[in-house]
>>> print(open('target27.txt').read())   # compact mmCIF, C-alpha atoms
# COMPACT_ATOMS: atom_id res chain seq x y z
CA ASP A 1 -5.70 -2.46 7.84
CA ALA A 2 -3.75 -4.60 5.39
CA GLY A 3 -6.22 -4.14 2.58
CA VAL A 4 -7.21 -6.86 0.16
CA ILE A 5 -4.47 -9.47 -0.19
CA GLN A 6 -3.97 -11.56 -3.29
CA SER A 7 -1.54 -14.34 -4.08
CA PRO A 8 0.43 -15.08 -6.07
CA ARG A 9 1.26 -11.68 -7.55
CA HIS A 10 2.60 -13.27 -10.72
CA GLU A 11 1.91 -16.68 -12.18
CA VAL A 12 3.39 -18.17 -15.31
CA THR A 13 2.08 -21.55 -16.37
CA GLU A 14 1.74 -23.72 -19.41
CA MET A 15 -1.42 -24.37 -21.31
CA GLY A 16 -3.43 -27.17 -19.80
CA GLN A 17 -2.22 -26.66 -16.25
CA GLU A 18 -4.47 -25.85 -13.33
CA VAL A 19 -4.16 -22.37 -11.85
CA THR A 20 -5.46 -21.25 -8.45
CA LEU A 21 -5.63 -17.61 -7.47
CA ARG A 22 -6.22 -16.61 -3.87
CA CYS A 23 -7.79 -13.64 -2.16
CA LYS A 24 -8.20 -12.45 1.40
CA PRO A 25 -10.76 -9.62 1.68
CA ILE A 26 -10.62 -6.76 4.13
CA SER A 27 -11.72 -7.98 7.52
CA GLY A 28 -15.41 -7.37 8.11
CA HIS A 29 -16.30 -6.87 4.47
CA ASP A 30 -19.20 -9.03 3.35
CA TYR A 31 -18.92 -8.68 -0.42
CA LEU A 32 -16.13 -10.14 -2.50
CA PHE A 33 -15.66 -9.63 -6.24
CA TRP A 34 -13.39 -11.25 -8.83
CA TYR A 35 -12.48 -9.20 -11.92
CA ARG A 36 -10.36 -9.83 -14.97
CA GLN A 37 -8.54 -7.04 -16.80
CA THR A 38 -7.20 -7.28 -20.34
CA MET A 39 -6.31 -4.70 -22.94
CA MET A 40 -8.93 -6.01 -25.32
CA ARG A 41 -11.87 -6.39 -22.96
CA GLY A 42 -11.08 -3.96 -20.17
CA LEU A 43 -12.22 -4.71 -16.65
CA GLU A 44 -14.81 -7.50 -16.44
CA LEU A 45 -16.66 -8.75 -13.39
CA LEU A 46 -16.42 -12.53 -13.23
CA ILE A 47 -18.31 -13.40 -10.05
CA TYR A 48 -19.24 -11.93 -6.71
CA PHE A 49 -20.12 -13.29 -3.29
CA ASN A 50 -22.17 -11.97 -0.42
CA ASN A 51 -21.56 -13.52 2.99
CA ASN A 52 -19.61 -16.32 1.28
CA VAL A 53 -22.49 -17.19 -1.06
CA PRO A 54 -22.08 -16.73 -4.83
CA ILE A 55 -24.65 -14.20 -6.00
CA ASP A 56 -23.86 -13.64 -9.64
CA ASP A 57 -21.49 -15.74 -11.74
CA SER A 58 -22.78 -14.61 -15.12
CA GLY A 59 -19.39 -13.16 -15.97
CA MET A 60 -17.51 -16.43 -15.59
CA PRO A 61 -16.35 -17.12 -19.14
CA GLU A 62 -16.82 -20.89 -19.21
CA ASP A 63 -16.79 -24.07 -17.20
CA ARG A 64 -13.03 -24.01 -16.93
CA PHE A 65 -13.43 -21.23 -14.38
CA SER A 66 -14.68 -21.84 -10.87
CA ALA A 67 -14.67 -19.79 -7.67
CA LYS A 68 -15.22 -20.62 -4.06
CA MET A 69 -15.45 -18.78 -0.78
CA PRO A 70 -15.24 -21.32 2.03
CA ASN A 71 -15.19 -18.66 4.74
CA ALA A 72 -15.36 -14.92 5.22
CA SER A 73 -11.62 -14.42 4.94
CA PHE A 74 -10.68 -16.51 1.92
CA SER A 75 -11.67 -17.02 -1.70
CA THR A 76 -10.16 -18.86 -4.64
CA LEU A 77 -10.53 -18.56 -8.38
CA LYS A 78 -9.51 -21.68 -10.25
CA ILE A 79 -8.89 -22.18 -13.94
CA GLN A 80 -8.65 -25.75 -15.17
CA PRO A 81 -7.34 -26.33 -17.73
CA SER A 82 -5.73 -22.98 -18.44
CA GLU A 83 -5.43 -21.57 -21.96
CA PRO A 84 -3.29 -18.75 -23.40
CA ARG A 85 -6.39 -16.55 -23.78
CA ASP A 86 -6.78 -16.62 -19.99
CA SER A 87 -3.66 -14.46 -19.69
CA ALA A 88 -4.75 -11.32 -17.84
CA VAL A 89 -4.57 -9.51 -14.55
CA TYR A 90 -7.07 -10.88 -12.07
CA PHE A 91 -8.26 -8.56 -9.33
CA CYS A 92 -10.11 -9.34 -6.18
CA ALA A 93 -12.10 -6.59 -4.46
CA SER A 94 -14.17 -6.39 -1.32
CA SER A 95 -16.80 -4.06 0.06
CA LEU A 96 -19.04 -3.51 3.01
CA ALA A 97 -22.82 -3.62 2.69
CA GLY A 98 -24.17 -0.10 2.79
CA SER A 99 -20.88 1.40 1.65
CA HIS A 100 -20.69 -0.11 -1.83
CA THR A 101 -17.21 1.26 -2.47
CA GLN A 102 -15.08 -1.62 -3.65
CA TYR A 103 -11.48 -1.87 -2.49
CA PHE A 104 -9.19 -3.65 -4.88
CA GLY A 105 -6.30 -5.96 -4.19
CA PRO A 106 -2.95 -5.65 -5.99
CA GLY A 107 -3.94 -8.21 -8.62
CA THR A 108 -2.43 -11.43 -9.95
CA ARG A 109 -0.77 -11.22 -13.34
CA LEU A 110 -1.37 -14.56 -15.05
CA THR A 111 0.54 -15.64 -18.12
CA VAL A 112 -0.42 -18.89 -19.80
CA LEU A 113 2.15 -20.04 -22.34
CA GLU B 1 -27.66 -4.28 -20.25
CA LEU B 2 -25.89 -1.39 -18.58
CA LYS B 3 -23.25 0.21 -20.79
CA VAL B 4 -20.69 2.73 -19.64
CA GLU B 5 -18.74 4.81 -22.11
CA GLN B 6 -15.86 7.13 -21.42
CA ASN B 7 -14.24 9.68 -23.61
CA PRO B 8 -11.66 10.38 -24.55
CA LEU B 9 -9.87 7.05 -24.36
CA PHE B 10 -6.48 8.72 -24.49
CA LEU B 11 -5.59 12.18 -23.38
CA SER B 12 -2.22 13.86 -23.60
CA MET B 13 -2.02 17.26 -22.01
CA GLN B 14 0.54 19.74 -20.83
CA GLU B 15 1.12 20.64 -17.24
CA GLY B 16 -0.96 23.57 -16.14
CA LYS B 17 -3.82 22.91 -18.54
CA ASN B 18 -7.42 22.05 -17.70
CA TYR B 19 -9.42 19.21 -19.16
CA THR B 20 -12.54 17.12 -18.63
CA ILE B 21 -13.16 13.39 -18.91
CA TYR B 22 -16.71 12.30 -19.64
CA CYS B 23 -18.58 9.22 -18.52
CA ASN B 24 -21.96 8.33 -20.03
CA TYR B 25 -24.09 5.41 -18.92
CA SER B 26 -27.14 3.81 -20.46
CA THR B 27 -29.61 3.04 -17.66
CA THR B 28 -30.75 4.41 -14.34
CA SER B 29 -28.14 4.24 -11.65
CA ASP B 30 -27.99 5.27 -8.03
CA ARG B 31 -24.24 5.66 -7.66
CA LEU B 32 -21.20 6.40 -9.71
CA TYR B 33 -17.53 5.94 -8.88
CA TRP B 34 -14.25 7.23 -10.20
CA TYR B 35 -11.13 5.11 -9.83
CA ARG B 36 -7.51 5.73 -10.65
CA GLN B 37 -5.07 3.06 -11.87
CA ASP B 38 -1.34 3.64 -12.19
CA PRO B 39 0.55 1.42 -14.68
CA GLY B 40 0.96 -2.08 -13.32
CA LYS B 41 -0.93 -1.21 -10.15
CA SER B 42 -4.34 -1.75 -8.65
CA LEU B 43 -7.39 0.50 -8.75
CA GLU B 44 -7.75 3.23 -6.16
CA SER B 45 -11.12 4.74 -5.32
CA LEU B 46 -11.24 8.50 -5.88
CA PHE B 47 -14.88 9.58 -5.61
CA VAL B 48 -18.33 8.21 -4.96
CA LEU B 49 -21.27 10.23 -6.28
CA LEU B 50 -24.67 9.28 -4.94
CA SER B 51 -27.18 11.88 -6.06
CA ASN B 52 -28.05 14.19 -8.90
CA GLY B 53 -25.94 17.32 -8.78
CA ALA B 54 -23.37 15.76 -6.47
CA VAL B 55 -19.94 17.33 -6.70
CA LYS B 56 -16.79 16.04 -5.03
CA GLN B 57 -13.34 17.62 -5.13
CA GLU B 58 -9.91 16.40 -4.10
CA GLY B 59 -6.92 18.51 -5.00
CA ARG B 60 -6.89 19.16 -8.73
CA LEU B 61 -9.69 16.69 -9.46
CA MET B 62 -13.39 17.45 -9.32
CA ALA B 63 -16.15 14.98 -10.15
CA SER B 64 -19.79 15.74 -10.79
CA LEU B 65 -22.93 13.77 -11.56
CA ASP B 66 -26.01 14.57 -13.63
CA THR B 67 -28.35 11.61 -13.27
CA LYS B 68 -30.91 13.05 -15.67
CA ALA B 69 -28.36 13.22 -18.44
CA ARG B 70 -26.73 9.99 -17.22
CA LEU B 71 -23.43 11.78 -17.30
CA SER B 72 -20.53 12.22 -14.95
CA THR B 73 -17.49 14.38 -15.50
CA LEU B 74 -14.02 14.34 -14.01
CA HIS B 75 -12.44 17.76 -14.34
CA ILE B 76 -8.71 18.24 -14.05
CA THR B 77 -7.49 21.69 -13.07
CA ALA B 78 -3.94 22.83 -13.75
CA ALA B 79 -2.69 19.32 -14.47
CA VAL B 80 0.58 18.08 -13.02
CA HIS B 81 2.69 15.11 -14.10
CA ASP B 82 1.69 13.09 -11.02
CA LEU B 83 -1.87 12.89 -12.33
CA SER B 84 -0.74 10.68 -15.20
CA ALA B 85 -2.73 7.45 -14.85
CA THR B 86 -5.77 5.67 -16.23
CA TYR B 87 -9.09 6.88 -14.84
CA PHE B 88 -12.15 4.66 -14.77
CA CYS B 89 -15.73 5.49 -14.02
CA ALA B 90 -17.95 2.72 -12.71
CA VAL B 91 -21.71 2.62 -12.36
CA GLY B 92 -23.79 0.70 -9.89
CA ARG B 93 -27.36 -0.33 -10.57
CA ARG B 94 -30.19 0.38 -8.20
CA GLY B 95 -30.62 -2.38 -5.65
CA GLY B 96 -27.50 -4.27 -6.68
CA ASN B 97 -23.87 -4.47 -5.77
CA LYS B 98 -22.34 -5.01 -9.19
CA LEU B 99 -20.33 -2.28 -10.80
CA THR B 100 -19.97 -1.85 -14.53
CA PHE B 101 -16.72 -0.17 -15.48
CA GLY B 102 -16.06 2.16 -18.36
CA THR B 103 -13.26 1.61 -20.81
CA GLY B 104 -10.92 3.92 -18.96
CA THR B 105 -9.22 7.15 -19.99
CA GLN B 106 -5.45 7.01 -20.18
CA LEU B 107 -4.16 10.41 -19.14
CA LYS B 108 -0.61 11.51 -19.79
CA VAL B 109 0.52 14.86 -18.48
CA GLU B 110 3.62 16.07 -20.23
CA LEU B 111 6.26 17.90 -18.25
>>> encode(input="target27.txt", output="structure tokens")
Amino acid sequence: DAGVIQSPRHEVTEMGQEVTLRCKPISGHDYLFWYRQTMMRGLELLIYFNNNVPIDDSGMPEDRFSAKMPNASFSTLKIQPSEPRDSAVYFCASSLAGSHTQYFGPGTRLTVL
Amino acid sequence: ELKVEQNPLFLSMQEGKNYTIYCNYSTTSDRLYWYRQDPGKSLESLFVLLSNGAVKQEGRLMASLDTKARLSTLHITAAVHDLSATYFCAVGRRGGNKLTFGTGTQLKVEL
């Protein structure tokens, strides 16, 4: 199995630009999670989906952030407009109902200048 | 709100020594996880603990869970340099799928 796939692995953009992060979960997994990791705040859950439906988005920092899961094999996290404080590593993880163990992707390192 | 605290935050130890990382959490939970993260890398699942008294071991690492005390420990036996990494505990709430992560313990094993 290829594991969770994320793209891009690195993204450098300027303040005000739109950023789209992508995630492909492990095939057959029905939960998908988006996390953000920073030195100051640690690992934070932003949003998670079950069977493509958003279940809890209470961790999304503000309206500039949005996430979608149009099908079972693809999700996006969009930031518009981006700000320097959004600089972080964004992880996607997936899990299987009943297992609960979350498998993490390699992450996207975002730098907003 | 579920809070998860780890200590110590930083740990520098010599090869061959033993040490324990502690993970305390604030509310009832039905599962606890330990993850490892190497610098610049992703998180790798190490252990899942599902019941009071559960103990899991893999190589030089052993994890245990005391649900009454709301405490999990990760014990390192005869540390080796390859164990240098950041270790996170994460707690899941009953009936839910969210995990709340601890602050992480950055372990450095000196040669």
>>> axis_aligned_box(input="target27.txt", around="stretch 56-65 of chain B", padding_each_side="4 Å", output="lines of an AutoDock Vina configuration file")
center_x = -14.9
center_y = 16.5
center_z = -7.8
size_x = 24.0
size_y = 13.4
size_z = 15.5
>>> residues_around(input="target27.txt", residues="stretch 60-64 of chain B", least_positions_apart="3", cutoff="9 Å", atoms="all atoms listed in the file", output="JSON, numbers by chain")
{"B": [34, 47, 48, 49, 52, 53, 54, 55, 56, 57, 71, 72, 73, 74, 75, 76, 77, 78, 79, 80, 83]}
>>> interface_residues(input="target27.txt", of="chain B", to="chain A", cutoff="12 Å", atoms="all atoms listed in the file", output="number ranges by chain")
B: 4-5, 9, 30-50, 86, 88-105
>>> closest_residue(input="target27.txt", among="A:Arg36, A:Arg9, A:His29, A:Lys24", to="A:Pro61", atoms="all atoms listed in the file")
A:Arg36
>>> closest_residue(input="target27.txt", among="A:Ile26, A:Val12, A:Val112, A:Leu21", to="A:Pro81", atoms="all atoms listed in the file")
A:Val112
>>> atom_distance(input="target27.txt", atom1="atom CA of A:Gln17", atom2="atom CA of A:Val53")
27.0 Å
>>> residues_near_point(input="target27.txt", point="(-3.5, -28.5, -15.0)", cutoff="12 Å", atoms="only C-alpha atoms", output="list in words")
Thr13, Glu14, Met15, Gly16, Gln17, Glu18, Val19, Thr20, Arg64, Lys78, Ile79, Gln80, Pro81, Ser82, Glu83 and Val112 of chain A
>>> atom_distance(input="target27.txt", atom1="atom CA of B:Lys108", atom2="atom CA of A:His10")
26.6 Å
>>> closest_residue(input="target27.txt", among="B:Leu107, B:Ile21, B:Leu2, B:Leu11", to="B:Ala85", atoms="only C-alpha atoms")
B:Leu107
>>> atom_distance(input="target27.txt", atom1="atom CA of A:Asp57", atom2="atom CA of A:Trp34")
9.7 Å
